[in-house]
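Heads up, the thing below is written out as structure tokens.
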Amino acid sequence: MSDCSHDCGNCSQNCDSRITYDKPHELSRIKKVIGIVSGKGGVGKSLVTSLLAVAAAKRGFLSAVLDADITGPSIPRAFGISGGVEGDDMGIYPRRSKSGIKIISSNLLLENENDPVIWRGPVIAGMVKQFWTDVIWGDVDYMFVDMPPGTGDVPLTVFQSIKLDGIVIVTSPQELVSMIVEKAVKMANKMNIKIYGVVENMSYIKCPDCGKEIDIFGTSKVDEVATDFDLKVLGRLPIDKDIASAVDAGKVESLAEKDYLETAIKEIIK
């Protein structure tokens, strides 16, 4: 329809563009789903996903991560989880981290976690759907979906299959930040999905001697970009060896006390 508002939930018309979201497994009771997106790869989307899940769990909520980045899964490594998953006639059961965060990822389905996932788009999209429909998540207060980068088949599948309550956009300080954010914003707007705000990763490095914050990628443009697209800046993550070491060692949960994304999680759970 020419006057379509893309708000299918409040529309009585039965048009071709109506989105029919897939239902989660009958034994899953998921209250809120947040997608973590970026317009390009390598900006730290999985790190932000992990930190948000940890922050929610720290506050006493039942937290989960659906790793939808099928060809580049890194969530299990960040949480120190390896090996397979269990299942029965009812469905598949997610793994649990040390603090109880429920996690599903393609890496947990591979015989060798270092094997590449060489699949075509429809197969990858189908697996993302199965993570939502066939996994027995049980009770979850906040589920964080680590989206693949860009605006292709798999992100579109997530947007059209899973009813997201909102997204967080992750970016970095490089010159292309405006274009990267704009792509994510336009896709979310077309799908009528709320944007909580933007997180800038690799924002600065702190001098170990004097404590001065150094913008190694140049002056941050995140405030300017946020203003242009009417977004909130939810946080700035530094380049920090403690963060890198914790993630590499599978101990991302050890970063809970530092609460790097306090503003972001407060925006999501309010």
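Chain lettering (A, B, ...) mirrors the order of the structure tokens, residue numbering begins at 1 for each chain separately, and ligand numbering begins at 1 in order of display.
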* Tell me which protein, DNA and RNA residues are within 12 Å of Ile124 of chain A, counting only C-alpha atoms, leaving out same-chain ones fewer than 2 positions away, and put them as a list in words. => Asp67, Ala68, Asp69, Ile70, Thr71, Gly72, Ser105, Ser106, Val117, Ile118, Trp119, Arg120, Gly121, Pro122, Gly126, Met127, Val128, Lys129, Gln130, Phe131, Pro148, Gly152, Asp153, Val154, Pro155, Leu156, Thr157 and Val158 of chain A
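You can rank A:Met187, A:Val247, A:Ile180, A:Ile81 by their closest distance to Val222 of chain A using only C-alpha atoms, and at the top of that list sits A:Ile180.
By chain and then residue number, the residues within 7 Å of segment 99-103 of chain A are Ser63, Ala64, Val65, Leu66, Pro94 and Arg95 of chain A, counting only C-alpha atoms and disregarding those fewer than 4 positions away in sequence.
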* To do: Have a look at atom CA of Ile92 of chain A and atom CA of Thr133 of chain A and let me know their distance in Å, one decimal.
  => 9.7 Å
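For segment 188-201 of chain A, the list of residues within 7 Å, based on only C-alpha atoms and with local chain neighbours fewer than 6 positions off taken out, reads His6, Asp7, Val43, Gly44, Asp165, Gly166, Ile167, Val168, Ile169, Val170, Thr171, Ser172, Pro173, Val222, Leu231, Lys232, Val233, Leu234, Gly235, Arg236, Leu237 and Pro238 of chain A.
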Keeping N, CA, C and O atoms for every residue in the selection just given, could you write it to a file as a PDB file, in the first residue's frame?
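Done, and the output landed in selection_7.pdb:
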```pdb
ATOM      1  N   HIS A   6       4.389   0.593   7.801  1.00  0.00           N
ATOM      2  CA  HIS A   6       5.268  -0.533   8.154  1.00  0.00           C
ATOM      3  C   HIS A   6       5.061  -0.989   9.599  1.00  0.00           C
ATOM      4  O   HIS A   6       5.867  -1.752  10.126  1.00  0.00           O
ATOM      5  N   ASP A   7       3.995  -0.548  10.221  1.00  0.00           N
ATOM      6  CA  ASP A   7       3.686  -0.968  11.584  1.00  0.00           C
ATOM      7  C   ASP A   7       2.627  -2.065  11.522  1.00  0.00           C
ATOM      8  O   ASP A   7       1.449  -1.845  11.753  1.00  0.00           O
ATOM      9  N   VAL A  43      33.968  -4.457  13.786  1.00  0.00           N
ATOM     10  CA  VAL A  43      33.837  -3.287  14.656  1.00  0.00           C
ATOM     11  C   VAL A  43      33.606  -3.660  16.120  1.00  0.00           C
ATOM     12  O   VAL A  43      33.544  -2.793  16.983  1.00  0.00           O
ATOM     13  N   GLY A  44      33.484  -4.960  16.417  1.00  0.00           N
ATOM     14  CA  GLY A  44      33.317  -5.373  17.801  1.00  0.00           C
ATOM     15  C   GLY A  44      31.900  -5.687  18.203  1.00  0.00           C
ATOM     16  O   GLY A  44      31.541  -5.597  19.384  1.00  0.00           O
ATOM     17  N   ASP A 165      12.652  -6.341  19.828  1.00  0.00           N
ATOM     18  CA  ASP A 165      12.159  -5.183  20.578  1.00  0.00           C
ATOM     19  C   ASP A 165      12.972  -3.937  20.256  1.00  0.00           C
ATOM     20  O   ASP A 165      12.522  -2.818  20.501  1.00  0.00           O
ATOM     21  N   GLY A 166      14.156  -4.131  19.700  1.00  0.00           N
ATOM     22  CA  GLY A 166      14.996  -3.009  19.320  1.00  0.00           C
ATOM     23  C   GLY A 166      16.391  -3.489  18.963  1.00  0.00           C
ATOM     24  O   GLY A 166      16.715  -4.668  19.114  1.00  0.00           O
ATOM     25  N   ILE A 167      17.210  -2.565  18.460  1.00  0.00           N
ATOM     26  CA  ILE A 167      18.579  -2.903  18.097  1.00  0.00           C
ATOM     27  C   ILE A 167      19.555  -1.890  18.701  1.00  0.00           C
ATOM     28  O   ILE A 167      19.186  -0.762  19.022  1.00  0.00           O
ATOM     29  N   VAL A 168      20.795  -2.343  18.862  1.00  0.00           N
ATOM     30  CA  VAL A 168      21.913  -1.481  19.226  1.00  0.00           C
ATOM     31  C   VAL A 168      22.884  -1.509  18.064  1.00  0.00           C
ATOM     32  O   VAL A 168      23.256  -2.582  17.580  1.00  0.00           O
ATOM     33  N   ILE A 169      23.280  -0.343  17.586  1.00  0.00           N
ATOM     34  CA  ILE A 169      24.213  -0.249  16.464  1.00  0.00           C
ATOM     35  C   ILE A 169      25.631  -0.087  17.006  1.00  0.00           C
ATOM     36  O   ILE A 169      25.874   0.744  17.885  1.00  0.00           O
ATOM     37  N   VAL A 170      26.550  -0.884  16.480  1.00  0.00           N
ATOM     38  CA  VAL A 170      27.951  -0.816  16.894  1.00  0.00           C
ATOM     39  C   VAL A 170      28.777  -0.227  15.764  1.00  0.00           C
ATOM     40  O   VAL A 170      28.612  -0.606  14.597  1.00  0.00           O
ATOM     41  N   THR A 171      29.659   0.695  16.115  1.00  0.00           N
ATOM     42  CA  THR A 171      30.498   1.324  15.102  1.00  0.00           C
ATOM     43  C   THR A 171      31.888   1.577  15.679  1.00  0.00           C
ATOM     44  O   THR A 171      32.179   1.223  16.817  1.00  0.00           O
ATOM     45  N   SER A 172      32.755   2.166  14.881  1.00  0.00           N
ATOM     46  CA  SER A 172      34.123   2.484  15.302  1.00  0.00           C
ATOM     47  C   SER A 172      34.439   3.904  14.833  1.00  0.00           C
ATOM     48  O   SER A 172      33.679   4.490  14.057  1.00  0.00           O
ATOM     49  N   PRO A 173      35.555   4.483  15.268  1.00  0.00           N
ATOM     50  CA  PRO A 173      35.801   5.908  15.001  1.00  0.00           C
ATOM     51  C   PRO A 173      36.296   6.254  13.590  1.00  0.00           C
ATOM     52  O   PRO A 173      36.525   7.419  13.314  1.00  0.00           O
ATOM     53  N   VAL A 222      31.237  10.033  16.656  1.00  0.00           N
ATOM     54  CA  VAL A 222      30.018   9.354  17.061  1.00  0.00           C
ATOM     55  C   VAL A 222      28.954  10.332  17.543  1.00  0.00           C
ATOM     56  O   VAL A 222      27.754  10.141  17.285  1.00  0.00           O
ATOM     57  N   LEU A 231      20.081   9.692  17.344  1.00  0.00           N
ATOM     58  CA  LEU A 231      20.371   8.503  18.127  1.00  0.00           C
ATOM     59  C   LEU A 231      21.014   8.877  19.459  1.00  0.00           C
ATOM     60  O   LEU A 231      21.619   9.938  19.582  1.00  0.00           O
ATOM     61  N   LYS A 232      20.917   7.988  20.419  1.00  0.00           N
ATOM     62  CA  LYS A 232      21.612   8.155  21.683  1.00  0.00           C
ATOM     63  C   LYS A 232      22.962   7.451  21.617  1.00  0.00           C
ATOM     64  O   LYS A 232      23.073   6.365  21.039  1.00  0.00           O
ATOM     65  N   VAL A 233      23.988   8.064  22.189  1.00  0.00           N
ATOM     66  CA  VAL A 233      25.278   7.404  22.325  1.00  0.00           C
ATOM     67  C   VAL A 233      25.223   6.587  23.618  1.00  0.00           C
ATOM     68  O   VAL A 233      25.123   7.141  24.710  1.00  0.00           O
ATOM     69  N   LEU A 234      25.278   5.274  23.479  1.00  0.00           N
ATOM     70  CA  LEU A 234      25.089   4.388  24.620  1.00  0.00           C
ATOM     71  C   LEU A 234      26.397   3.986  25.305  1.00  0.00           C
ATOM     72  O   LEU A 234      26.377   3.359  26.364  1.00  0.00           O
ATOM     73  N   GLY A 235      27.508   4.318  24.684  1.00  0.00           N
ATOM     74  CA  GLY A 235      28.768   3.958  25.312  1.00  0.00           C
ATOM     75  C   GLY A 235      29.936   4.053  24.353  1.00  0.00           C
ATOM     76  O   GLY A 235      29.761   4.036  23.132  1.00  0.00           O
ATOM     77  N   ARG A 236      31.130   4.175  24.945  1.00  0.00           N
ATOM     78  CA  ARG A 236      32.382   4.192  24.178  1.00  0.00           C
ATOM     79  C   ARG A 236      33.326   3.181  24.816  1.00  0.00           C
ATOM     80  O   ARG A 236      33.694   3.323  25.988  1.00  0.00           O
ATOM     81  N   LEU A 237      33.693   2.180  24.069  1.00  0.00           N
ATOM     82  CA  LEU A 237      34.591   1.154  24.591  1.00  0.00           C
ATOM     83  C   LEU A 237      36.024   1.458  24.179  1.00  0.00           C
ATOM     84  O   LEU A 237      36.295   1.724  23.009  1.00  0.00           O
ATOM     85  N   PRO A 238      36.954   1.399  25.120  1.00  0.00           N
ATOM     86  CA  PRO A 238      38.351   1.681  24.791  1.00  0.00           C
ATOM     87  C   PRO A 238      39.047   0.468  24.169  1.00  0.00           C
ATOM     88  O   PRO A 238      38.545  -0.656  24.242  1.00  0.00           O
TER      89      PRO A 238
END
```
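Nearest to Ala57 of chain A of all the residues A:Val140, A:Ala264, A:Ile162, A:Val185 is A:Val140, counting only C-alpha atoms.
With only C-alpha atoms as the atoms that count, the residue of A:Glu213, A:Glu253, A:Glu262, A:Asp223 with the shortest distance to Ile239 of chain A is A:Glu213.
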* Asked: Can you list every residue in segment 26-189 of chain A that DSSP puts in helix (DSSP H, G or I), as an MDAnalysis selection string?
  -> chainID A and resid 45:58 75:79 106:109 121:133 153:161 177:189
Keeping C-alpha atoms for every residue in the selection just given, could you write it to a file as a PDB file, in the first residue's frame?
```
ATOM      1  CA  LYS A  45      29.693  -6.402  17.501  1.00  0.00           C
ATOM      2  CA  SER A  46      30.247  -9.736  19.275  1.00  0.00           C
ATOM      3  CA  LEU A  47      32.096  -7.995  22.098  1.00  0.00           C
ATOM      4  CA  VAL A  48      29.201  -5.598  22.635  1.00  0.00           C
ATOM      5  CA  THR A  49      26.725  -8.502  22.519  1.00  0.00           C
ATOM      6  CA  SER A  50      28.723 -10.389  25.152  1.00  0.00           C
ATOM      7  CA  LEU A  51      29.104  -7.380  27.443  1.00  0.00           C
ATOM      8  CA  LEU A  52      25.379  -6.585  27.275  1.00  0.00           C
ATOM      9  CA  ALA A  53      24.454 -10.185  28.106  1.00  0.00           C
ATOM     10  CA  VAL A  54      26.889 -10.132  31.031  1.00  0.00           C
ATOM     11  CA  ALA A  55      25.520  -6.786  32.229  1.00  0.00           C
ATOM     12  CA  ALA A  56      21.944  -8.086  32.173  1.00  0.00           C
ATOM     13  CA  ALA A  57      22.938 -11.225  34.097  1.00  0.00           C
ATOM     14  CA  LYS A  58      24.826  -9.119  36.643  1.00  0.00           C
ATOM     15  CA  ILE A  75      30.440 -15.912  21.213  1.00  0.00           C
ATOM     16  CA  PRO A  76      31.328 -19.393  22.595  1.00  0.00           C
ATOM     17  CA  ARG A  77      35.032 -18.515  22.616  1.00  0.00           C
ATOM     18  CA  ALA A  78      34.374 -15.302  24.559  1.00  0.00           C
ATOM     19  CA  PHE A  79      32.490 -17.264  27.230  1.00  0.00           C
ATOM     20  CA  SER A 106      27.006 -22.626  15.010  1.00  0.00           C
ATOM     21  CA  ASN A 107      30.410 -23.264  16.604  1.00  0.00           C
ATOM     22  CA  LEU A 108      28.681 -25.538  19.105  1.00  0.00           C
ATOM     23  CA  LEU A 109      27.329 -27.677  16.260  1.00  0.00           C
ATOM     24  CA  GLY A 121      22.823 -17.905   2.157  1.00  0.00           C
ATOM     25  CA  PRO A 122      19.536 -19.846   2.361  1.00  0.00           C
ATOM     26  CA  VAL A 123      21.134 -22.588   4.488  1.00  0.00           C
ATOM     27  CA  ILE A 124      22.663 -20.023   6.834  1.00  0.00           C
ATOM     28  CA  ALA A 125      19.358 -18.177   7.117  1.00  0.00           C
ATOM     29  CA  GLY A 126      17.608 -21.462   7.837  1.00  0.00           C
ATOM     30  CA  MET A 127      19.952 -22.202  10.733  1.00  0.00           C
ATOM     31  CA  VAL A 128      19.271 -18.791  12.267  1.00  0.00           C
ATOM     32  CA  LYS A 129      15.555 -19.561  12.152  1.00  0.00           C
ATOM     33  CA  GLN A 130      16.162 -22.931  13.812  1.00  0.00           C
ATOM     34  CA  PHE A 131      18.093 -21.261  16.619  1.00  0.00           C
ATOM     35  CA  TRP A 132      14.874 -19.367  17.329  1.00  0.00           C
ATOM     36  CA  THR A 133      12.234 -22.040  16.672  1.00  0.00           C
ATOM     37  CA  ASP A 153      20.145 -12.204   3.549  1.00  0.00           C
ATOM     38  CA  VAL A 154      20.832 -13.225   7.134  1.00  0.00           C
ATOM     39  CA  PRO A 155      20.200  -9.865   8.837  1.00  0.00           C
ATOM     40  CA  LEU A 156      17.017  -9.595   6.787  1.00  0.00           C
ATOM     41  CA  THR A 157      16.009 -13.105   7.902  1.00  0.00           C
ATOM     42  CA  VAL A 158      16.456 -12.114  11.537  1.00  0.00           C
ATOM     43  CA  PHE A 159      14.444  -8.916  11.090  1.00  0.00           C
ATOM     44  CA  GLN A 160      11.619 -10.798   9.349  1.00  0.00           C
ATOM     45  CA  SER A 161      11.611 -13.954  11.477  1.00  0.00           C
ATOM     46  CA  VAL A 177      31.345   5.695  10.498  1.00  0.00           C
ATOM     47  CA  SER A 178      28.561   7.868   9.064  1.00  0.00           C
ATOM     48  CA  MET A 179      27.939   5.540   6.121  1.00  0.00           C
ATOM     49  CA  ILE A 180      28.112   2.448   8.346  1.00  0.00           C
ATOM     50  CA  VAL A 181      25.562   3.813  10.806  1.00  0.00           C
ATOM     51  CA  GLU A 182      23.319   5.138   8.042  1.00  0.00           C
ATOM     52  CA  LYS A 183      22.999   1.682   6.463  1.00  0.00           C
ATOM     53  CA  ALA A 184      21.966   0.126   9.766  1.00  0.00           C
ATOM     54  CA  VAL A 185      19.558   2.968  10.568  1.00  0.00           C
ATOM     55  CA  LYS A 186      17.847   2.803   7.167  1.00  0.00           C
ATOM     56  CA  MET A 187      17.390  -0.953   7.404  1.00  0.00           C
ATOM     57  CA  ALA A 188      15.907  -0.691  10.896  1.00  0.00           C
ATOM     58  CA  ASN A 189      13.582   2.118   9.824  1.00  0.00           C
TER      59      ASN A 189
END
```
* Using backbone DSSP assignments, extract all strand (DSSP E) residues from segment 57-215 of chain A; output them as a ChimeraX atom specification. => /A:63-67,86-87,92-93,95-96,102-104,139-146,166-171,195-200,205-206,213-214
